[in-house]
$ cat target06.cif   # mmCIF, C-alpha atoms
data_final
loop_
_atom_site.group_PDB
_atom_site.id
_atom_site.type_symbol
_atom_site.label_atom_id
_atom_site.label_comp_id
_atom_site.auth_asym_id
_atom_site.auth_seq_id
_atom_site.Cartn_x
_atom_site.Cartn_y
_atom_site.Cartn_z
ATOM 1 C CA MET P 1 24.293 113.286 6.209
ATOM 2 C CA LEU P 2 22.805 111.317 3.347
ATOM 3 C CA VAL P 3 24.304 113.631 0.740
ATOM 4 C CA LEU P 4 27.720 113.253 2.347
ATOM 5 C CA ASP P 5 27.341 109.471 2.254
ATOM 6 C CA ILE P 6 26.534 109.546 -1.449
ATOM 7 C CA ILE P 7 29.479 111.809 -2.299
ATOM 8 C CA SER P 8 31.762 109.654 -0.168
ATOM 9 C CA SER P 9 30.561 106.492 -1.940
ATOM 10 C CA ILE P 10 31.180 108.035 -5.347
ATOM 11 C CA LEU P 11 34.709 109.034 -4.343
ATOM 12 C CA LEU P 12 35.484 105.559 -2.942
ATOM 13 C CA ILE P 13 34.165 103.787 -6.041
ATOM 14 C CA ALA P 14 36.120 106.097 -8.339
ATOM 15 C CA GLY P 15 39.276 105.454 -6.310
ATOM 16 C CA VAL P 16 38.883 101.697 -6.524
ATOM 17 C CA PHE P 17 38.186 101.962 -10.257
ATOM 18 C CA PHE P 18 41.449 103.832 -10.829
ATOM 19 C CA GLY P 19 43.337 101.366 -8.637
ATOM 20 C CA PHE P 20 41.921 98.475 -10.620
ATOM 21 C CA SER P 21 42.810 100.048 -13.960
ATOM 22 C CA GLY P 22 46.354 100.554 -12.680
ATOM 23 C CA ALA P 23 46.611 96.910 -11.660
ATOM 24 C CA VAL P 24 45.433 95.834 -15.121
ATOM 25 C CA GLY P 25 47.914 98.221 -16.720
ATOM 26 C CA LEU P 26 50.652 96.509 -14.723
ATOM 27 C CA PHE P 27 50.055 93.434 -16.898
ATOM 28 C CA LYS P 28 48.932 95.009 -20.180
ATOM 29 C CA PHE P 29 51.677 97.519 -20.965
ATOM 30 C CA PRO P 30 54.516 96.258 -23.161
ATOM 31 C CA ASP P 31 57.513 97.878 -21.469
ATOM 32 C CA PHE P 32 58.859 98.344 -17.944
ATOM 33 C CA PHE P 33 58.897 102.141 -18.071
ATOM 34 C CA THR P 34 55.347 102.342 -19.379
ATOM 35 C CA ARG P 35 54.300 100.028 -16.558
ATOM 36 C CA VAL P 36 55.917 102.391 -14.023
ATOM 37 C CA HIS P 37 53.939 105.224 -15.591
ATOM 38 C CA ALA P 38 50.640 103.337 -15.268
ATOM 39 C CA ALA P 39 51.241 102.209 -11.691
ATOM 40 C CA SER P 40 52.521 105.567 -10.430
ATOM 41 C CA ILE P 41 49.705 107.755 -11.747
ATOM 42 C CA THR P 42 46.883 105.450 -10.690
ATOM 43 C CA ASP P 43 48.425 104.939 -7.244
ATOM 44 C CA SER P 44 48.374 108.689 -6.616
ATOM 45 C CA ILE P 45 44.814 109.264 -7.827
ATOM 46 C CA ALA P 46 43.472 106.205 -5.965
ATOM 47 C CA ALA P 47 45.037 107.430 -2.717
ATOM 48 C CA ILE P 48 43.555 110.926 -3.170
ATOM 49 C CA LEU P 49 40.056 109.633 -3.947
ATOM 50 C CA ILE P 50 39.833 106.924 -1.268
ATOM 51 C CA ILE P 51 41.295 109.062 1.528
ATOM 52 C CA GLY P 52 39.048 111.914 0.370
ATOM 53 C CA GLY P 53 36.031 109.637 0.572
ATOM 54 C CA LEU P 54 36.971 108.637 4.122
ATOM 55 C CA LEU P 55 37.618 112.277 5.071
ATOM 56 C CA LEU P 56 33.964 113.107 4.412
ATOM 57 C CA GLN P 57 32.945 110.551 7.059
ATOM 58 C CA THR P 58 34.943 112.168 9.861
ATOM 59 C CA SER P 59 33.596 114.900 12.130
ATOM 60 C CA PHE P 60 36.685 117.128 12.109
ATOM 61 C CA ASP P 61 38.564 115.470 14.954
ATOM 62 C CA LEU P 62 41.869 113.639 15.360
ATOM 63 C CA ASN P 63 40.966 111.148 12.618
ATOM 64 C CA THR P 64 40.807 113.986 10.099
ATOM 65 C CA ALA P 65 44.351 114.967 10.982
ATOM 66 C CA LYS P 66 45.513 111.341 10.701
ATOM 67 C CA LEU P 67 43.889 110.908 7.290
ATOM 68 C CA LEU P 68 45.395 114.173 6.054
ATOM 69 C CA PHE P 69 48.803 113.029 7.298
ATOM 70 C CA ILE P 70 48.456 109.707 5.450
ATOM 71 C CA LEU P 71 47.412 111.573 2.298
ATOM 72 C CA ALA P 72 50.307 114.029 2.512
ATOM 73 C CA PHE P 73 52.789 111.245 3.153
ATOM 74 C CA LEU P 74 51.523 109.159 0.229
ATOM 75 C CA MET P 75 51.630 112.217 -2.028
ATOM 76 C CA ILE P 76 55.309 112.684 -1.177
ATOM 77 C CA THR P 77 56.493 109.075 -1.171
ATOM 78 C CA SER P 78 54.597 107.558 -4.109
ATOM 79 C CA PRO P 79 56.204 109.708 -6.845
ATOM 80 C CA THR P 80 59.549 109.473 -5.037
ATOM 81 C CA ALA P 81 59.414 105.689 -5.045
ATOM 82 C CA SER P 82 58.465 105.640 -8.744
ATOM 83 C CA HIS P 83 61.328 107.960 -9.590
ATOM 84 C CA ALA P 84 63.788 105.861 -7.586
ATOM 85 C CA LEU P 85 62.505 102.721 -9.310
ATOM 86 C CA ALA P 86 62.894 104.125 -12.828
ATOM 87 C CA LYS P 87 66.342 105.553 -12.023
ATOM 88 C CA SER P 88 67.436 102.262 -10.507
ATOM 89 C CA ALA P 89 66.228 100.306 -13.563
ATOM 90 C CA ARG P 90 68.018 102.741 -15.882
ATOM 91 C CA HIS P 91 71.291 102.390 -13.993
ATOM 92 C CA GLY P 92 70.797 98.647 -13.920
ATOM 93 C CA GLY P 93 70.840 98.616 -17.724
ATOM 94 C CA LEU P 94 67.187 98.108 -18.552
ATOM 95 C CA LEU P 95 66.271 99.368 -22.050
ATOM 96 C CA THR P 96 63.011 100.787 -23.351
ATOM 97 C CA LEU P 97 61.090 98.957 -26.057
ATOM 98 C CA ALA P 98 62.272 101.393 -28.779
ATOM 99 C CA GLU P 99 65.901 100.939 -27.765
ATOM 100 C CA VAL P 100 65.568 97.166 -27.831
ATOM 101 C CA LYS P 101 64.137 97.303 -31.365
ATOM 102 C CA GLU P 102 66.941 99.653 -32.456
ATOM 103 C CA LYS P 103 69.513 97.240 -31.104
ATOM 104 C CA GLN P 104 67.944 94.312 -32.927
ATOM 105 C CA GLN P 105 67.963 96.263 -36.206
ATOM 106 C CA GLU P 106 71.641 97.075 -35.765
ATOM 107 C CA GLN P 107 72.432 93.435 -35.179
ATOM 108 C CA THR P 108 70.578 92.257 -38.302
ATOM 109 C CA HIS P 109 72.385 94.777 -40.570
ATOM 110 C CA MET H 1 27.406 102.724 4.642
ATOM 111 C CA THR H 2 28.780 99.462 6.094
ATOM 112 C CA GLU H 3 27.983 97.520 2.918
ATOM 113 C CA MET H 4 29.764 100.202 0.922
ATOM 114 C CA TYR H 5 32.891 99.830 3.057
ATOM 115 C CA ALA H 6 32.750 96.034 2.728
ATOM 116 C CA ALA H 7 32.484 96.243 -1.065
ATOM 117 C CA ILE H 8 35.384 98.709 -1.219
ATOM 118 C CA CYS H 9 37.468 96.410 1.011
ATOM 119 C CA ILE H 10 36.854 93.427 -1.277
ATOM 120 C CA ALA H 11 37.677 95.481 -4.374
ATOM 121 C CA ILE H 12 40.938 96.732 -2.856
ATOM 122 C CA LEU H 13 41.806 93.139 -1.911
ATOM 123 C CA LEU H 14 41.279 92.161 -5.562
ATOM 124 C CA VAL H 15 43.625 94.928 -6.714
ATOM 125 C CA MET H 16 46.182 93.767 -4.135
ATOM 126 C CA ALA H 17 45.915 90.203 -5.464
ATOM 127 C CA ILE H 18 46.634 91.396 -9.007
ATOM 128 C CA ALA H 19 49.644 93.401 -7.816
ATOM 129 C CA LEU H 20 50.917 90.369 -5.900
ATOM 130 C CA ALA H 21 50.529 88.216 -9.033
ATOM 131 C CA ARG H 22 52.668 90.769 -10.890
ATOM 132 C CA ALA H 23 55.252 90.518 -8.114
ATOM 133 C CA CYS H 24 55.322 86.717 -8.420
ATOM 134 C CA TYR H 25 55.343 86.350 -12.227
ATOM 135 C CA SER H 26 57.292 89.077 -13.975
ATOM 136 C CA PRO H 27 60.114 89.337 -16.524
ATOM 137 C CA THR H 28 62.583 91.503 -14.568
ATOM 138 C CA VAL H 29 63.423 92.132 -10.931
ATOM 139 C CA TYR H 30 62.272 95.759 -11.258
ATOM 140 C CA ASP H 31 58.783 94.611 -12.247
ATOM 141 C CA ARG H 32 58.656 92.613 -9.045
ATOM 142 C CA ILE H 33 59.619 95.677 -7.004
ATOM 143 C CA LEU H 34 56.940 97.672 -8.841
ATOM 144 C CA GLY H 35 54.324 95.082 -7.910
ATOM 145 C CA VAL H 36 55.441 95.071 -4.274
ATOM 146 C CA ASN H 37 55.302 98.887 -4.172
ATOM 147 C CA MET H 38 51.748 98.912 -5.503
ATOM 148 C CA PHE H 39 50.811 96.173 -3.025
ATOM 149 C CA GLY H 40 52.140 98.279 -0.155
ATOM 150 C CA THR H 41 50.299 101.444 -1.184
ATOM 151 C CA LYS H 42 47.040 99.556 -1.569
ATOM 152 C CA THR H 43 47.599 97.927 1.827
ATOM 153 C CA VAL H 44 47.696 101.357 3.461
ATOM 154 C CA LEU H 45 44.366 102.261 1.852
ATOM 155 C CA PHE H 46 42.942 98.854 2.769
ATOM 156 C CA ILE H 47 43.822 99.249 6.455
ATOM 157 C CA ALA H 48 42.262 102.732 6.503
ATOM 158 C CA VAL H 49 38.995 101.509 4.943
ATOM 159 C CA THR H 50 38.933 98.444 7.217
ATOM 160 C CA GLY H 51 39.130 100.703 10.265
ATOM 161 C CA TYR H 52 35.979 102.492 9.163
ATOM 162 C CA LEU H 53 34.298 99.188 8.269
ATOM 163 C CA MET H 54 34.796 97.871 11.799
ATOM 164 C CA GLY H 55 33.906 101.215 13.389
ATOM 165 C CA ARG H 56 37.355 101.563 14.891
ATOM 166 C CA PRO H 57 39.181 104.462 13.205
ATOM 167 C CA GLU H 58 42.179 103.867 15.505
ATOM 168 C CA PHE H 59 43.358 101.604 12.694
ATOM 169 C CA LEU H 60 44.612 104.763 11.001
ATOM 170 C CA ASP H 61 47.660 104.653 13.267
ATOM 171 C CA ILE H 62 48.568 101.272 11.798
ATOM 172 C CA ALA H 63 48.077 102.680 8.303
ATOM 173 C CA ILE H 64 50.488 105.531 9.068
ATOM 174 C CA VAL H 65 53.133 103.121 10.367
ATOM 175 C CA TYR H 66 52.663 100.854 7.347
ATOM 176 C CA ALA H 67 53.106 103.774 4.949
ATOM 177 C CA LEU H 68 56.364 104.777 6.654
ATOM 178 C CA ILE H 69 57.759 101.226 6.668
ATOM 179 C CA ASN H 70 56.717 100.650 3.048
ATOM 180 C CA PHE H 71 58.626 103.693 1.812
ATOM 181 C CA ILE H 72 61.773 102.903 3.800
ATOM 182 C CA GLY H 73 61.742 99.296 2.584
ATOM 183 C CA MET H 74 61.300 100.350 -1.043
ATOM 184 C CA VAL H 75 64.228 102.762 -0.947
ATOM 185 C CA ALA H 76 66.446 100.217 0.813
ATOM 186 C CA VAL H 77 65.744 97.491 -1.758
ATOM 187 C CA LEU H 78 66.265 99.920 -4.653
ATOM 188 C CA ARG H 79 69.609 101.090 -3.275
ATOM 189 C CA PHE H 80 70.627 97.445 -3.080
ATOM 190 C CA PHE H 81 69.581 96.625 -6.661
ATOM 191 C CA GLU H 82 70.659 99.856 -8.348
ATOM 192 C CA TYR H 83 73.927 98.575 -9.839
ATOM 193 C CA THR H 84 73.888 94.870 -9.112
ATOM 194 C CA ALA H 85 70.655 93.500 -10.596
ATOM 195 C CA PRO H 86 70.952 91.092 -13.526
ATOM 196 C CA VAL H 87 68.927 92.138 -16.567
ATOM 197 C CA GLU H 88 67.778 89.354 -18.863
#

$ encode --input "target06.cif" --output "structure tokens"
Amino acid sequence: MLVLDIISSILLIAGVFFGFSGAVGLFKFPDFFTRVHAASITDSIAAILIIGGLLLQTSFDLNTAKLLFILAFLMITSPTASHALAKSARHGGLLTLAEVKEKQQEQTH
Amino acid sequence: MTEMYAAICIAILLVMAIALARACYSPTVYDRILGVNMFGTKTVLFIAVTGYLMGRPEFLDIAIVYALINFIGMVAVLRFFEYTAPVE
């Protein structure tokens, strides 16, 4: 039981670390699309690690099934939401950092 | 193990606060939606960990419902903003 607790703690701490780095990346990256990249990847890995850490604490009952369902649902919806967000921003006319610089150069010439 | 859960809960709350700050102060409307999305995902994880902290894993049902509502809300808002959002 003790070994399981230790492994579970390591997984939970790693998950929170990735979540925190994603939240910092939300402020630190220069461009909207790079920020989507940071948030999307760290969201997925944090969900896997934290739910995995909780899974080790269950005794293979209904809670295991619930946690697996949450994990499967997050695995499907998190990338879908990121894709929808990037597509929506693109259709809304948002430009990447390189495109903005290109536009400024064209205007100065 | 209880202290571990408490520490994880506080850390996830900190991450949620940062995401909420991004949702409040951001250059474009899409950045706000990104912050809200991250807030929602972290809320699901927070509810799950809180259930184990209090010794009541029935909280997982609430986490499932929150995950479903979060996704539906995200897609609805994005459909609304897809062609109409002003870009500064």

$ resolve_selection --input "target06.cif" --expression "the PyMOL selection byres ((chain H) within 9 of (chain P))" --output "JSON, numbers by chain"
{"H": [1, 4, 5, 8, 11, 12, 14, 15, 16, 18, 19, 22, 26, 28, 30, 31, 33, 34, 35, 37, 38, 41, 42, 44, 45, 48, 49, 52, 57, 58, 60, 61, 63, 64, 67, 68, 71, 74, 75, 78, 79, 81, 82, 83, 84, 85, 86, 87, 88]}

$ write_last_selection --input "target06.cif" --atoms "C-alpha atoms" --output "PDB file, in the coordinates of the input"
ATOM      1  CA  MET H   1      27.406 102.724   4.642  1.00  0.00           C
ATOM      2  CA  MET H   4      29.764 100.202   0.922  1.00  0.00           C
ATOM      3  CA  TYR H   5      32.891  99.830   3.057  1.00  0.00           C
ATOM      4  CA  ILE H   8      35.384  98.709  -1.219  1.00  0.00           C
ATOM      5  CA  ALA H  11      37.677  95.481  -4.374  1.00  0.00           C
ATOM      6  CA  ILE H  12      40.938  96.732  -2.856  1.00  0.00           C
ATOM      7  CA  LEU H  14      41.279  92.161  -5.562  1.00  0.00           C
ATOM      8  CA  VAL H  15      43.625  94.928  -6.714  1.00  0.00           C
ATOM      9  CA  MET H  16      46.182  93.767  -4.135  1.00  0.00           C
ATOM     10  CA  ILE H  18      46.634  91.396  -9.007  1.00  0.00           C
ATOM     11  CA  ALA H  19      49.644  93.401  -7.816  1.00  0.00           C
ATOM     12  CA  ARG H  22      52.668  90.769 -10.890  1.00  0.00           C
ATOM     13  CA  SER H  26      57.292  89.077 -13.975  1.00  0.00           C
ATOM     14  CA  THR H  28      62.583  91.503 -14.568  1.00  0.00           C
ATOM     15  CA  TYR H  30      62.272  95.759 -11.258  1.00  0.00           C
ATOM     16  CA  ASP H  31      58.783  94.611 -12.247  1.00  0.00           C
ATOM     17  CA  ILE H  33      59.619  95.677  -7.004  1.00  0.00           C
ATOM     18  CA  LEU H  34      56.940  97.672  -8.841  1.00  0.00           C
ATOM     19  CA  GLY H  35      54.324  95.082  -7.910  1.00  0.00           C
ATOM     20  CA  ASN H  37      55.302  98.887  -4.172  1.00  0.00           C
ATOM     21  CA  MET H  38      51.748  98.912  -5.503  1.00  0.00           C
ATOM     22  CA  THR H  41      50.299 101.444  -1.184  1.00  0.00           C
ATOM     23  CA  LYS H  42      47.040  99.556  -1.569  1.00  0.00           C
ATOM     24  CA  VAL H  44      47.696 101.357   3.461  1.00  0.00           C
ATOM     25  CA  LEU H  45      44.366 102.261   1.852  1.00  0.00           C
ATOM     26  CA  ALA H  48      42.262 102.732   6.503  1.00  0.00           C
ATOM     27  CA  VAL H  49      38.995 101.509   4.943  1.00  0.00           C
ATOM     28  CA  TYR H  52      35.979 102.492   9.163  1.00  0.00           C
ATOM     29  CA  PRO H  57      39.181 104.462  13.205  1.00  0.00           C
ATOM     30  CA  GLU H  58      42.179 103.867  15.505  1.00  0.00           C
ATOM     31  CA  LEU H  60      44.612 104.763  11.001  1.00  0.00           C
ATOM     32  CA  ASP H  61      47.660 104.653  13.267  1.00  0.00           C
ATOM     33  CA  ALA H  63      48.077 102.680   8.303  1.00  0.00           C
ATOM     34  CA  ILE H  64      50.488 105.531   9.068  1.00  0.00           C
ATOM     35  CA  ALA H  67      53.106 103.774   4.949  1.00  0.00           C
ATOM     36  CA  LEU H  68      56.364 104.777   6.654  1.00  0.00           C
ATOM     37  CA  PHE H  71      58.626 103.693   1.812  1.00  0.00           C
ATOM     38  CA  MET H  74      61.300 100.350  -1.043  1.00  0.00           C
ATOM     39  CA  VAL H  75      64.228 102.762  -0.947  1.00  0.00           C
ATOM     40  CA  LEU H  78      66.265  99.920  -4.653  1.00  0.00           C
ATOM     41  CA  ARG H  79      69.609 101.090  -3.275  1.00  0.00           C
ATOM     42  CA  PHE H  81      69.581  96.625  -6.661  1.00  0.00           C
ATOM     43  CA  GLU H  82      70.659  99.856  -8.348  1.00  0.00           C
ATOM     44  CA  TYR H  83      73.927  98.575  -9.839  1.00  0.00           C
ATOM     45  CA  THR H  84      73.888  94.870  -9.112  1.00  0.00           C
ATOM     46  CA  ALA H  85      70.655  93.500 -10.596  1.00  0.00           C
ATOM     47  CA  PRO H  86      70.952  91.092 -13.526  1.00  0.00           C
ATOM     48  CA  VAL H  87      68.927  92.138 -16.567  1.00  0.00           C
ATOM     49  CA  GLU H  88      67.778  89.354 -18.863  1.00  0.00           C
TER      50      GLU H  88
END

$ atom_distance --input "target06.cif" --atom1 "atom CA of Gly52 of chain P" --atom2 "atom CA of Val36 of chain H"
24.0 Å

$ atom_distance --input "target06.cif" --atom1 "atom CA of Met75 of chain P" --atom2 "atom CA of Val3 of chain P"
27.5 Å

$ atom_distance --input "target06.cif" --atom1 "atom CA of Ile10 of chain H" --atom2 "atom CA of Ile7 of chain P"
19.8 Å

$ closest_residue --input "target06.cif" --among "P:Ser59, P:Thr64, P:Thr34, P:Thr108" --to "Thr96 of chain P" --atoms "all atoms listed in the file"
P:Thr34

$ build_atoms --input "target06.cif" --residues "segment 19-30 of chain H" --atoms "N, CA and C atoms" --output "short mmCIF file (atom, residue, chain, number, x, y, z; two decimals), in the frame of the given file"
data_model
loop_
_atom_site.label_atom_id
_atom_site.label_comp_id
_atom_site.auth_asym_id
_atom_site.auth_seq_id
_atom_site.Cartn_x
_atom_site.Cartn_y
_atom_site.Cartn_z
N ALA H 19 48.29 92.88 -7.99
CA ALA H 19 49.64 93.40 -7.82
C ALA H 19 50.58 92.31 -7.32
N LEU H 20 50.08 91.46 -6.42
CA LEU H 20 50.92 90.37 -5.90
C LEU H 20 51.24 89.35 -7.00
N ALA H 21 50.27 89.12 -7.91
CA ALA H 21 50.53 88.22 -9.03
C ALA H 21 51.63 88.79 -9.92
N ARG H 22 51.59 90.13 -10.11
CA ARG H 22 52.67 90.77 -10.89
C ARG H 22 54.02 90.58 -10.19
N ALA H 23 54.00 90.67 -8.85
CA ALA H 23 55.25 90.52 -8.11
C ALA H 23 55.77 89.09 -8.20
N CYS H 24 54.88 88.11 -8.37
CA CYS H 24 55.32 86.72 -8.42
C CYS H 24 55.78 86.33 -9.82
N TYR H 25 55.02 86.74 -10.85
CA TYR H 25 55.34 86.35 -12.23
C TYR H 25 55.66 87.59 -13.03
N SER H 26 56.93 87.89 -13.22
CA SER H 26 57.29 89.08 -13.98
C SER H 26 58.64 88.86 -14.64
N PRO H 27 58.89 89.57 -15.76
CA PRO H 27 60.11 89.34 -16.52
C PRO H 27 61.38 89.82 -15.83
N THR H 28 61.36 90.98 -15.18
CA THR H 28 62.58 91.50 -14.57
C THR H 28 62.38 91.72 -13.08
N VAL H 29 63.49 91.93 -12.38
CA VAL H 29 63.42 92.13 -10.93
C VAL H 29 62.75 93.46 -10.61
N TYR H 30 62.88 94.45 -11.53
CA TYR H 30 62.27 95.76 -11.26
C TYR H 30 60.75 95.67 -11.33
#
